[in-house]
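A.B. asks: Have a look at this one before I ask anything.
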Amino acid sequence: MESASLPLGRRHRGERRRSLLRPLAFMSLPMAILGLFFLAPMLVMLVIALQYGILSGQSGFTLTNFSDVLGDELYREVALTTVQIATAAMVIQLLLAVPLAYVLAFKAGRWEIPLLLFFVLADELNPMVRIYAWRMLLGREGLINSALLDIGLIEQPIDALLFSKFAVIVVLSTSYLTYTVIPIYAAMKAIDTNMFEAARDLGAGWWTTFRRVLLPLIAPGIFVALLLVYIPLFTDFASPALVGGTEGYMLGNAVNDLVLESGDLNGGAAMSMLMLLAAGVFAVIAYRLAKIKQLEQ
Amino acid sequence: MSEPMIVLDRVSRSFGELCAVDDVSLEIGAGEFFSMLGPSGCGKTTTLRLIAGFEEPDVGRVMLAGEDVTLVSPRRRNVNMVFQDYALFPHMSVAENVEFGLRLRRVARDQARERVAEMLTVVQLEGLGQRRPAELSGGQRQRVALARALVNKPAALLLDEPLGALDLKLRREMQLELKRIQKTTGTTFVYVTHDQEEALTMSDRIAVMEGGIVQQLADPRTLYEQPRTAFVAGFIGTSNSIRLEVSRREGELAVMELDQGMRVVAPDPGGSAPRLRITVRPEKIRIGGSSNGAGSRIRGQVVERIYLGSLSQTVVEIATGERLVVHELNDDEAAAVAPGDQVTLSWAERHSLIVDSDDGPQREERS
Ligand SMILES: Nc1ncnc2c1ncn2[C@@H]1O[C@H](COP(=O)(O)OP(=O)(O)OP(=O)(O)O)[C@@H](O)[C@H]1O
Ligand SMILES: [Mg+2]
């Protein structure tokens, strides 16, 4: 009996190893592709960020690129502007997205799917086209200024509408709205609407129902939206480049200018790595929060 | 009945063409266990929602404890609802769920805590206050829903098929439990169900509804023994229904003669309807029985006999082609019959219930 059980046990162990290897084998191709196209450039960037620039006349590895970027007063200011703009755009989007998602999820009736499609398609609009459309609206001779002039609300066109922080915030707020609405909408769809009636039955008004029932239940959706949208907002450079002027200059533009204008590839790489790190930290925090909220339910 | 707790006064509610609640009037007494019973879509939930305030009547008035609340928002009505799927707040603990209404009523935190603990004891959930609804069984969730509503001391508790999601055994337990809680708290219960057995065992009075109309409103015994319409007779318990020509009327009795000296005798409903629809409960019919006497006698052929433990069920086809179901206790006197046998069925005249003197269902007459 005992001698028979030994090879049996061995075979089992062999099987287990194979069953562990099988998913790895499955994953190897996607992993290789991921490594090649995603991690490899990042690694190259890291290496560049850690090397002396050609102009410096030195060679070998160094941390000066990082210390230069971190030590520069101007970049710290740009970083602050970037956080301000990204945060403002995020808050505005959340303020828009929650009611929009609410209407979609509970009030739209048979318009639900068409509206949802509209949101998805609106996102398909080429970003350049969208940004230029905003320029036409916000410019000195744009629609908003001429309308305000026409009705006599203002006497001089408002220059600050375009090439300002304000302009960047407006454009960014609309650029990623779809990605803010969809996760919140999904979280709302999972809610049993009887819950709202139950709250009302127990004496809650709309504000209490919103704060104590709806908001906690859609919190995971909000954190997913943060995760999806805040990082692209933080690293965006097309919108600030086209509507930001000097006031709306963001970190993405700084990287762009370092690499393309100053030819400082190493400095640009270092700054990118730092932004990546910040985004990573942010992502971990948002992910944790979403996870906690989900576990609470 | 003293001052009624809830009054519906000629209330109607339509959705488009469909009249979900059609001119319903009823009074529910304080401390009463009142049920609304009827098939799916008959307007039970809508009636309950009219009382809760989630629906507004097109016409009619809703009164609560002597006050007209027809246009009062559900927030401000002193009634609470137990939803069919409980609608517990999944992100709150059991205690937080129960506390929700109290905090909104500005009950001080300490006092609220105390009342929550008390209520959790009443529904036998002591020690589970910190759990989330997802960590409870179906029956326990049901109790939380009950506690969440009852802790507010509502004038009436509205329950919409609260046991619908539970399995049969748990249902039976919770029926007793609900009844106990209703007695302990003295709260008026308005209970919606489509399970007639549930309604019969729990209720003080039952409104049997169909098509938005209250067909009959009575205590369980009256509903069973004196159903007013064919619908009620058919919905409450098993019943046999036969339609016969009236041969003659003898004082208080209507007699319907059949071939071979057979006849059905029933209390005369008055009027001069040529045909009557008569209902007989299966347990009131005897197989065999005396061939002479005052009651009904009718011949037929046994088509089926089923053993049901304490009962035997026999199905007998009579000359008109209608089938009668007979229930007999399985004691020593039970008749030994088999399919194919010719038998005589008999029952006393008072067990012939006239539920209809014409072919359509009667409407509940109103004052
Ligand atoms: N909001 C609504 N809009 C349109 N029709 C409705 C609405 N609510 C109810 N109805 C209709 O009114 C009728 C009565 O509905 P109600 O929910 O009161 O029935 P019920 O007796 O509770 O049935 P069930 O036992 O299936 O719950 C049904 O035909 C239903 O389709
Ligand atoms: Mg219903």
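Here's how to read the names in the structure tokens: chain A, B, ... by the order shown, residue numbers from 1 in each chain, ligand numbers from 1 in the order shown.
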Set the distance at 12 Å and use only C-alpha atoms: which residues neighbour Leu148 (chain A) once local chain neighbours fewer than 5 positions away are removed? I'd like the list as a list in words.
C.D. replies: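 The residues satisfying every condition are Leu137, Leu138, Arg140, Glu141, Gly142, Leu143, Leu153, Ile154, Glu155, Gln156, Pro157 and Ile158 of chain A.
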A.B. asks: Those same residues - N, CA and C atoms - I'd like them written as an mmCIF file, in the first residue's frame.
C.D. replies:
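part23.cif, freshly written:
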data_model
loop_
_atom_site.group_PDB
_atom_site.id
_atom_site.type_symbol
_atom_site.label_atom_id
_atom_site.label_comp_id
_atom_site.auth_asym_id
_atom_site.auth_seq_id
_atom_site.Cartn_x
_atom_site.Cartn_y
_atom_site.Cartn_z
ATOM 1 N N LEU A 137 -15.049 79.387 -29.296
ATOM 2 C CA LEU A 137 -16.042 79.866 -28.319
ATOM 3 C C LEU A 137 -15.445 80.909 -27.382
ATOM 4 N N LEU A 138 -14.217 80.664 -26.926
ATOM 5 C CA LEU A 138 -13.663 81.449 -25.824
ATOM 6 C C LEU A 138 -12.828 82.650 -26.274
ATOM 7 N N ARG A 140 -11.098 86.098 -28.185
ATOM 8 C CA ARG A 140 -11.435 87.519 -28.096
ATOM 9 C C ARG A 140 -12.632 87.854 -28.967
ATOM 10 N N GLU A 141 -12.655 87.254 -30.172
ATOM 11 C CA GLU A 141 -13.800 87.481 -31.060
ATOM 12 C C GLU A 141 -14.719 86.260 -31.071
ATOM 13 N N GLY A 142 -14.584 85.445 -30.038
ATOM 14 C CA GLY A 142 -15.343 84.193 -29.967
ATOM 15 C C GLY A 142 -16.820 84.425 -29.686
ATOM 16 N N LEU A 143 -17.554 83.352 -29.724
ATOM 17 C CA LEU A 143 -19.015 83.435 -29.586
ATOM 18 C C LEU A 143 -19.436 84.023 -28.244
ATOM 19 N N LEU A 153 -23.668 93.286 -21.703
ATOM 20 C CA LEU A 153 -23.220 92.957 -20.356
ATOM 21 C C LEU A 153 -21.785 93.423 -20.108
ATOM 22 N N ILE A 154 -20.988 93.454 -21.177
ATOM 23 C CA ILE A 154 -19.603 93.918 -21.050
ATOM 24 C C ILE A 154 -19.338 94.933 -22.165
ATOM 25 N N GLU A 155 -18.299 95.771 -21.968
ATOM 26 C CA GLU A 155 -17.971 96.755 -23.005
ATOM 27 C C GLU A 155 -16.711 96.381 -23.745
ATOM 28 N N GLN A 156 -15.817 95.702 -23.059
ATOM 29 C CA GLN A 156 -14.591 95.202 -23.681
ATOM 30 C C GLN A 156 -14.650 93.678 -23.675
ATOM 31 N N PRO A 157 -14.191 93.025 -24.750
ATOM 32 C CA PRO A 157 -14.120 91.559 -24.703
ATOM 33 C C PRO A 157 -13.232 91.085 -23.547
ATOM 34 N N ILE A 158 -13.640 89.995 -22.898
ATOM 35 C CA ILE A 158 -12.845 89.465 -21.784
ATOM 36 C C ILE A 158 -11.716 88.621 -22.363
#
A.B. asks: Residues of chain B within 7 Å of chain A, using only C-alpha atoms, as an MDAnalysis selection string?
C.D. replies: chainID B and resid 74:76 80:81 87:91 101 104
A.B. asks: How would you report the residues lying within 8 Å of ligand 2, as a list in words, if you count only C-alpha atoms and all ligand atoms?
C.D. replies: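 Using only C-alpha atoms and all ligand atoms, everything at most 8 Å from ligand 2 comes to Ser40, Gly41, Gly43, Lys44, Thr45, Thr46, Asp160, Glu161 and Val192 of chain B.
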A.B. asks: I need the chosen residues saved as a PDB file, in the first residue's frame, with C-alpha atoms.
C.D. replies:
ATOM      1  CA  SER B  40     -50.812  39.447  -8.967  1.00  0.00           C
ATOM      2  CA  GLY B  41     -51.635  42.841 -10.427  1.00  0.00           C
ATOM      3  CA  GLY B  43     -53.672  46.619  -6.965  1.00  0.00           C
ATOM      4  CA  LYS B  44     -52.436  45.587  -3.510  1.00  0.00           C
ATOM      5  CA  THR B  45     -49.091  47.339  -3.741  1.00  0.00           C
ATOM      6  CA  THR B  46     -50.668  50.440  -5.233  1.00  0.00           C
ATOM      7  CA  ASP B 160     -45.623  44.503   1.090  1.00  0.00           C
ATOM      8  CA  GLU B 161     -45.316  40.724   0.789  1.00  0.00           C
ATOM      9  CA  VAL B 192     -50.116  42.650   1.585  1.00  0.00           C
TER      10      VAL B 192
END
A.B. asks: Need to verify the contact set: Val243 (chain A), 8 Å, only C-alpha atoms, exclusion of same-chain residues closer than 4 positions in sequence. Can you return it as an NGL selection string?
C.D. replies: :A and (131 or 135 or 162-164 or 167-168 or 239 or 248)
A.B. asks: Please identify every polymer residue within 9 Å of ligand 1, using only C-alpha atoms and all ligand atoms, and present the set as a PyMOL selection string.
C.D. replies: chain B and resi 13-16+18-21+36-49+55+160-161+192-194+209-212
A.B. asks: Let me see the file: selected residues, N, CA and C atoms, as a short mmCIF file (atom, residue, chain, number, x, y, z; two decimals), in the first residue's frame.
C.D. replies:
data_model
loop_
_atom_site.label_atom_id
_atom_site.label_comp_id
_atom_site.auth_asym_id
_atom_site.auth_seq_id
_atom_site.Cartn_x
_atom_site.Cartn_y
_atom_site.Cartn_z
N ARG B 13 -56.81 55.17 -8.36
CA ARG B 13 -55.51 55.53 -8.94
C ARG B 13 -55.36 54.77 -10.25
N SER B 14 -55.18 55.52 -11.33
CA SER B 14 -55.01 54.90 -12.64
C SER B 14 -53.60 55.13 -13.15
N PHE B 15 -53.12 54.18 -13.94
CA PHE B 15 -51.89 54.37 -14.70
C PHE B 15 -52.29 54.32 -16.16
N GLY B 16 -52.36 55.45 -16.81
CA GLY B 16 -52.84 55.47 -18.19
C GLY B 16 -54.27 54.96 -18.23
N LEU B 18 -55.17 51.97 -17.39
CA LEU B 18 -55.40 50.93 -16.40
C LEU B 18 -55.77 51.51 -15.04
N CYS B 19 -56.91 51.05 -14.51
CA CYS B 19 -57.33 51.52 -13.20
C CYS B 19 -56.80 50.53 -12.16
N ALA B 20 -55.67 50.86 -11.55
CA ALA B 20 -55.02 49.92 -10.63
C ALA B 20 -55.77 49.81 -9.31
N VAL B 21 -56.33 50.94 -8.85
CA VAL B 21 -57.16 50.94 -7.65
C VAL B 21 -58.44 51.67 -8.03
N MET B 36 -54.38 42.65 2.86
CA MET B 36 -54.94 42.78 1.52
C MET B 36 -54.47 41.59 0.71
N LEU B 37 -55.43 40.87 0.19
CA LEU B 37 -55.14 39.59 -0.45
C LEU B 37 -55.69 39.63 -1.86
N GLY B 38 -54.93 39.09 -2.78
CA GLY B 38 -55.44 39.04 -4.15
C GLY B 38 -54.35 38.58 -5.09
N PRO B 39 -54.74 38.26 -6.32
CA PRO B 39 -53.76 37.75 -7.28
C PRO B 39 -52.82 38.87 -7.75
N SER B 40 -51.80 38.48 -8.47
CA SER B 40 -50.81 39.45 -8.97
C SER B 40 -51.48 40.51 -9.84
N GLY B 41 -51.13 41.75 -9.60
CA GLY B 41 -51.64 42.84 -10.43
C GLY B 41 -52.99 43.36 -10.01
N CYS B 42 -53.52 42.93 -8.85
CA CYS B 42 -54.86 43.34 -8.47
C CYS B 42 -54.89 44.70 -7.78
N GLY B 43 -53.70 45.27 -7.53
CA GLY B 43 -53.67 46.62 -6.96
C GLY B 43 -53.31 46.68 -5.49
N LYS B 44 -52.80 45.61 -4.93
CA LYS B 44 -52.44 45.59 -3.51
C LYS B 44 -51.31 46.58 -3.20
N THR B 45 -50.23 46.46 -3.98
CA THR B 45 -49.09 47.34 -3.74
C THR B 45 -49.48 48.80 -3.94
N THR B 46 -50.25 49.06 -4.97
CA THR B 46 -50.67 50.44 -5.23
C THR B 46 -51.47 50.98 -4.06
N THR B 47 -52.38 50.16 -3.52
CA THR B 47 -53.16 50.61 -2.36
C THR B 47 -52.24 50.93 -1.18
N LEU B 48 -51.26 50.05 -0.98
CA LEU B 48 -50.33 50.27 0.13
C LEU B 48 -49.52 51.55 -0.08
N ARG B 49 -49.11 51.76 -1.32
CA ARG B 49 -48.32 52.96 -1.63
C ARG B 49 -49.17 54.23 -1.51
N GLU B 55 -47.82 57.11 -3.76
CA GLU B 55 -48.74 57.39 -4.87
C GLU B 55 -49.76 58.39 -4.37
N ASP B 160 -45.31 44.97 2.44
CA ASP B 160 -45.62 44.50 1.09
C ASP B 160 -44.99 43.13 0.86
N GLU B 161 -45.79 42.10 0.95
CA GLU B 161 -45.32 40.72 0.79
C GLU B 161 -43.96 40.53 1.47
N VAL B 192 -49.76 43.04 2.95
CA VAL B 192 -50.12 42.65 1.59
C VAL B 192 -49.57 41.26 1.29
N THR B 193 -50.39 40.41 0.75
CA THR B 193 -49.92 39.07 0.40
C THR B 193 -50.78 38.51 -0.72
N HIS B 194 -50.23 37.54 -1.45
CA HIS B 194 -51.11 36.83 -2.37
C HIS B 194 -51.29 35.39 -1.94
N MET B 209 -58.98 41.45 -2.90
CA MET B 209 -59.02 42.38 -4.03
C MET B 209 -58.91 41.64 -5.34
N GLU B 210 -59.55 42.24 -6.36
CA GLU B 210 -59.36 41.74 -7.71
C GLU B 210 -59.63 42.89 -8.67
N GLY B 211 -58.72 43.08 -9.63
CA GLY B 211 -58.89 44.13 -10.62
C GLY B 211 -59.10 45.50 -10.02
N GLY B 212 -58.40 45.80 -8.94
CA GLY B 212 -58.48 47.12 -8.34
C GLY B 212 -59.69 47.34 -7.47
#
